[in-house]
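K.L.:
Take a look at run_31.txt, compact mmCIF, N, CA and C atoms:
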```
# COMPACT_ATOMS: atom_id res chain seq x y z
N MET I 1 111.29 90.12 85.43
CA MET I 1 110.39 91.15 84.95
C MET I 1 111.24 92.36 84.55
N LYS I 2 111.02 92.87 83.37
CA LYS I 2 111.79 94.02 82.91
C LYS I 2 111.47 95.25 83.75
N GLY I 3 112.53 96.01 84.07
CA GLY I 3 112.35 97.22 84.84
C GLY I 3 112.36 97.02 86.35
N ILE I 4 112.58 95.78 86.79
CA ILE I 4 112.66 95.50 88.23
C ILE I 4 113.92 94.68 88.47
N GLN I 5 114.77 95.19 89.39
CA GLN I 5 116.01 94.50 89.72
C GLN I 5 116.06 94.30 91.22
N PHE I 6 116.54 93.12 91.62
CA PHE I 6 116.69 92.84 93.04
C PHE I 6 118.15 93.03 93.45
N VAL I 7 118.35 93.57 94.63
CA VAL I 7 119.67 93.70 95.22
C VAL I 7 119.80 92.54 96.21
N VAL I 8 120.89 91.81 96.11
CA VAL I 8 121.09 90.66 97.00
C VAL I 8 122.33 90.86 97.85
N ASN I 9 122.31 90.25 99.02
CA ASN I 9 123.48 90.32 99.90
C ASN I 9 124.47 89.22 99.53
N GLU I 10 125.55 89.09 100.32
CA GLU I 10 126.59 88.11 100.02
C GLU I 10 126.11 86.67 100.10
N ARG I 11 124.98 86.43 100.76
CA ARG I 11 124.41 85.08 100.84
C ARG I 11 123.38 84.81 99.75
N GLY I 12 123.17 85.81 98.87
CA GLY I 12 122.22 85.65 97.78
C GLY I 12 120.78 85.95 98.18
N GLU I 13 120.59 86.53 99.36
CA GLU I 13 119.24 86.86 99.83
C GLU I 13 118.82 88.23 99.29
N LYS I 14 117.61 88.33 98.81
CA LYS I 14 117.10 89.60 98.31
C LYS I 14 116.94 90.57 99.49
N THR I 15 117.54 91.75 99.37
CA THR I 15 117.48 92.73 100.44
C THR I 15 116.83 94.04 100.01
N ALA I 16 116.71 94.26 98.71
CA ALA I 16 116.13 95.51 98.21
C ALA I 16 115.69 95.28 96.77
N VAL I 17 114.95 96.26 96.28
CA VAL I 17 114.50 96.18 94.89
C VAL I 17 114.64 97.56 94.25
N VAL I 18 114.99 97.57 92.98
CA VAL I 18 115.08 98.81 92.21
C VAL I 18 113.99 98.71 91.14
N ILE I 19 113.10 99.71 91.12
CA ILE I 19 111.96 99.70 90.20
C ILE I 19 112.10 100.86 89.23
N ASP I 20 112.00 100.58 87.94
CA ASP I 20 111.97 101.62 86.91
C ASP I 20 110.59 102.27 86.98
N LEU I 21 110.53 103.48 87.54
CA LEU I 21 109.24 104.13 87.77
C LEU I 21 108.58 104.58 86.47
N ARG I 22 109.34 104.79 85.42
CA ARG I 22 108.71 105.11 84.14
C ARG I 22 107.89 103.93 83.63
N ARG I 23 108.35 102.75 83.92
CA ARG I 23 107.68 101.55 83.44
C ARG I 23 106.65 101.02 84.43
N HIS I 24 106.92 101.17 85.73
CA HIS I 24 106.09 100.52 86.75
C HIS I 24 105.64 101.50 87.83
N SER I 25 105.25 102.70 87.47
CA SER I 25 104.86 103.68 88.49
C SER I 25 103.66 103.22 89.30
N GLU I 26 102.74 102.49 88.68
CA GLU I 26 101.55 102.03 89.41
C GLU I 26 101.92 101.03 90.50
N VAL I 27 102.96 100.24 90.29
CA VAL I 27 103.41 99.28 91.31
C VAL I 27 103.91 100.05 92.53
N TRP I 28 104.71 101.10 92.28
CA TRP I 28 105.22 101.90 93.38
C TRP I 28 104.09 102.58 94.13
N GLU I 29 103.11 103.13 93.40
CA GLU I 29 101.99 103.81 94.05
C GLU I 29 101.21 102.86 94.94
N ASP I 30 100.96 101.65 94.46
CA ASP I 30 100.25 100.64 95.26
C ASP I 30 101.05 100.28 96.51
N PHE I 31 102.34 100.06 96.35
CA PHE I 31 103.20 99.73 97.48
C PHE I 31 103.21 100.86 98.51
N TYR I 32 103.37 102.08 98.04
CA TYR I 32 103.41 103.24 98.94
C TYR I 32 102.09 103.40 99.69
N ASP I 33 100.96 103.31 98.96
CA ASP I 33 99.65 103.43 99.60
C ASP I 33 99.45 102.37 100.69
N ALA I 34 99.84 101.14 100.40
CA ALA I 34 99.68 100.07 101.38
C ALA I 34 100.56 100.31 102.60
N THR I 35 101.76 100.82 102.38
CA THR I 35 102.68 101.11 103.48
C THR I 35 102.12 102.21 104.38
N VAL I 36 101.61 103.27 103.78
CA VAL I 36 101.04 104.38 104.55
C VAL I 36 99.82 103.89 105.34
N ALA I 37 98.97 103.10 104.71
CA ALA I 37 97.77 102.58 105.39
C ALA I 37 98.16 101.72 106.59
N ARG I 38 99.16 100.85 106.43
CA ARG I 38 99.60 100.01 107.54
C ARG I 38 100.18 100.86 108.68
N ARG I 39 100.92 101.88 108.33
CA ARG I 39 101.53 102.74 109.34
C ARG I 39 100.48 103.50 110.13
N ARG I 40 99.35 103.81 109.50
CA ARG I 40 98.31 104.62 110.14
C ARG I 40 97.19 103.80 110.75
N GLN I 41 97.27 102.49 110.72
CA GLN I 41 96.15 101.66 111.14
C GLN I 41 95.77 101.83 112.60
N ASN I 42 96.68 102.27 113.44
CA ASN I 42 96.37 102.44 114.86
C ASN I 42 96.08 103.88 115.26
N GLU I 43 96.03 104.77 114.27
CA GLU I 43 95.71 106.17 114.57
C GLU I 43 94.24 106.29 114.94
N PRO I 44 93.92 107.29 115.75
CA PRO I 44 92.51 107.47 116.13
C PRO I 44 91.64 107.76 114.89
N ARG I 45 90.42 107.31 114.94
CA ARG I 45 89.48 107.50 113.85
C ARG I 45 88.56 108.67 114.15
N GLU I 46 88.00 109.24 113.10
CA GLU I 46 87.04 110.33 113.24
C GLU I 46 85.90 110.04 112.26
N THR I 47 84.69 110.24 112.71
CA THR I 47 83.54 109.97 111.84
C THR I 47 83.40 111.04 110.77
N LEU I 48 82.78 110.70 109.68
CA LEU I 48 82.52 111.66 108.62
C LEU I 48 81.66 112.80 109.14
N LYS I 49 80.71 112.46 109.99
CA LYS I 49 79.82 113.47 110.57
C LYS I 49 80.62 114.53 111.35
N SER I 50 81.57 114.09 112.16
CA SER I 50 82.35 115.05 112.95
C SER I 50 83.28 115.87 112.07
N VAL I 51 83.81 115.29 111.01
CA VAL I 51 84.66 116.03 110.08
C VAL I 51 83.85 117.12 109.39
N LYS I 52 82.66 116.77 108.91
CA LYS I 52 81.80 117.76 108.25
C LYS I 52 81.43 118.89 109.21
N LYS I 53 81.13 118.55 110.46
CA LYS I 53 80.77 119.55 111.45
C LYS I 53 81.93 120.54 111.67
N ARG I 54 83.13 120.00 111.80
CA ARG I 54 84.30 120.84 112.00
C ARG I 54 84.56 121.73 110.79
N LEU I 55 84.40 121.20 109.58
CA LEU I 55 84.62 121.99 108.37
C LEU I 55 83.56 123.09 108.21
N ARG I 56 82.33 122.79 108.60
CA ARG I 56 81.27 123.81 108.55
C ARG I 56 81.58 124.96 109.51
N ARG I 57 82.02 124.63 110.73
CA ARG I 57 82.37 125.65 111.72
C ARG I 57 83.48 126.56 111.20
N ARG I 58 84.40 125.99 110.45
CA ARG I 58 85.52 126.77 109.91
C ARG I 58 85.17 127.48 108.60
N GLY I 59 83.93 127.26 108.12
CA GLY I 59 83.51 127.91 106.89
C GLY I 59 84.09 127.30 105.64
N LYS I 60 84.52 126.05 105.72
CA LYS I 60 85.13 125.39 104.58
C LYS I 60 84.20 124.39 103.91
N LEU I 61 82.97 124.31 104.41
CA LEU I 61 81.99 123.40 103.84
C LEU I 61 80.62 124.04 104.00
N SER I 62 79.86 124.02 102.91
CA SER I 62 78.51 124.62 102.98
C SER I 62 77.59 123.72 103.80
N SER I 63 76.50 124.29 104.25
CA SER I 63 75.57 123.53 105.11
C SER I 63 74.87 122.41 104.35
N ASP I 64 74.83 122.45 103.02
CA ASP I 64 74.19 121.38 102.25
C ASP I 64 75.17 120.30 101.84
N GLY I 65 76.47 120.47 102.17
CA GLY I 65 77.51 119.52 101.77
C GLY I 65 77.75 118.55 102.79
```
Hey, can you dump this file as structure tokens for me?
P.N.:
Amino acid sequence: MKGIQFVVNERGEKTAVVIDLRRHSEVWEDFYDATVARRRQNEPRETLKSVKKRLRRRGKLSSDG
């Protein structure tokens, strides 16, 4: 695939990849988003209701939002 190069070790195993971001920026964005999501999968969750309540208390969200 043009714009993507693999780095291989002395045994010929792929160890890294170089991506031309001008050509394939969406591939990098997808990869990065998936990596961040996997890293955060065990973080505590918060309901939308509690987030809205906290934002209203801080004056950052109107009562109709």
K.L.:
Between atom CA of I:Ser25 and atom CA of I:Asn9, what is the distance, to one decimal in Å?
P.N.:
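Pair atom CA of I:Ser25 / atom CA of I:Asn9 returns 25.6 Å.
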K.L.:
Calculate how many Å separate atom CA of I:Val8 from atom CA of I:Leu21, rounding to one decimal.
P.N.:
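Here the two named atoms are 20.2 Å from each other.
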K.L.:
Provide the atom CA of I:Pro44 to atom N of I:Asp30 distance in Å, to one decimal place.
P.N.:
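One can read the atom CA of I:Pro44 to atom N of I:Asp30 distance as 24.0 Å.
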K.L.:
For the strand (DSSP E) assignment from backbone DSSP, which residues of stretch 3-63 of chain I qualify? Please present them as a list in words.
P.N.:
Ile4, Gln5, Phe6, Val7, Val8, Lys14, Thr15, Ala16, Val17, Val18 and Ile19 of chain I
K.L.:
Write out as a PyMOL selection string all residues of stretch 6-65 of chain I that backbone DSSP assigns to helix (DSSP H, G or I).
P.N.:
chain I and resi 21-39+48-57
K.L.:
Take every atom of stretch 18-26 of chain I listed in the file, fit an axis-aligned box around them, add 4 Å per side, and give the centre and edge lengths in Å to one decimal as lines of an AutoDock Vina configuration file.
P.N.:
```
center_x = 108.3
center_y = 101.3
center_z = 88.2
size_x = 21.5
size_y = 15.5
size_z = 17.5
```
K.L.:
Between I:Leu55, I:Val18, I:Leu48, I:Ala34, which has the minimum distance to I:Phe6 (counting all atoms listed in the file)?
P.N.:
I:Val18
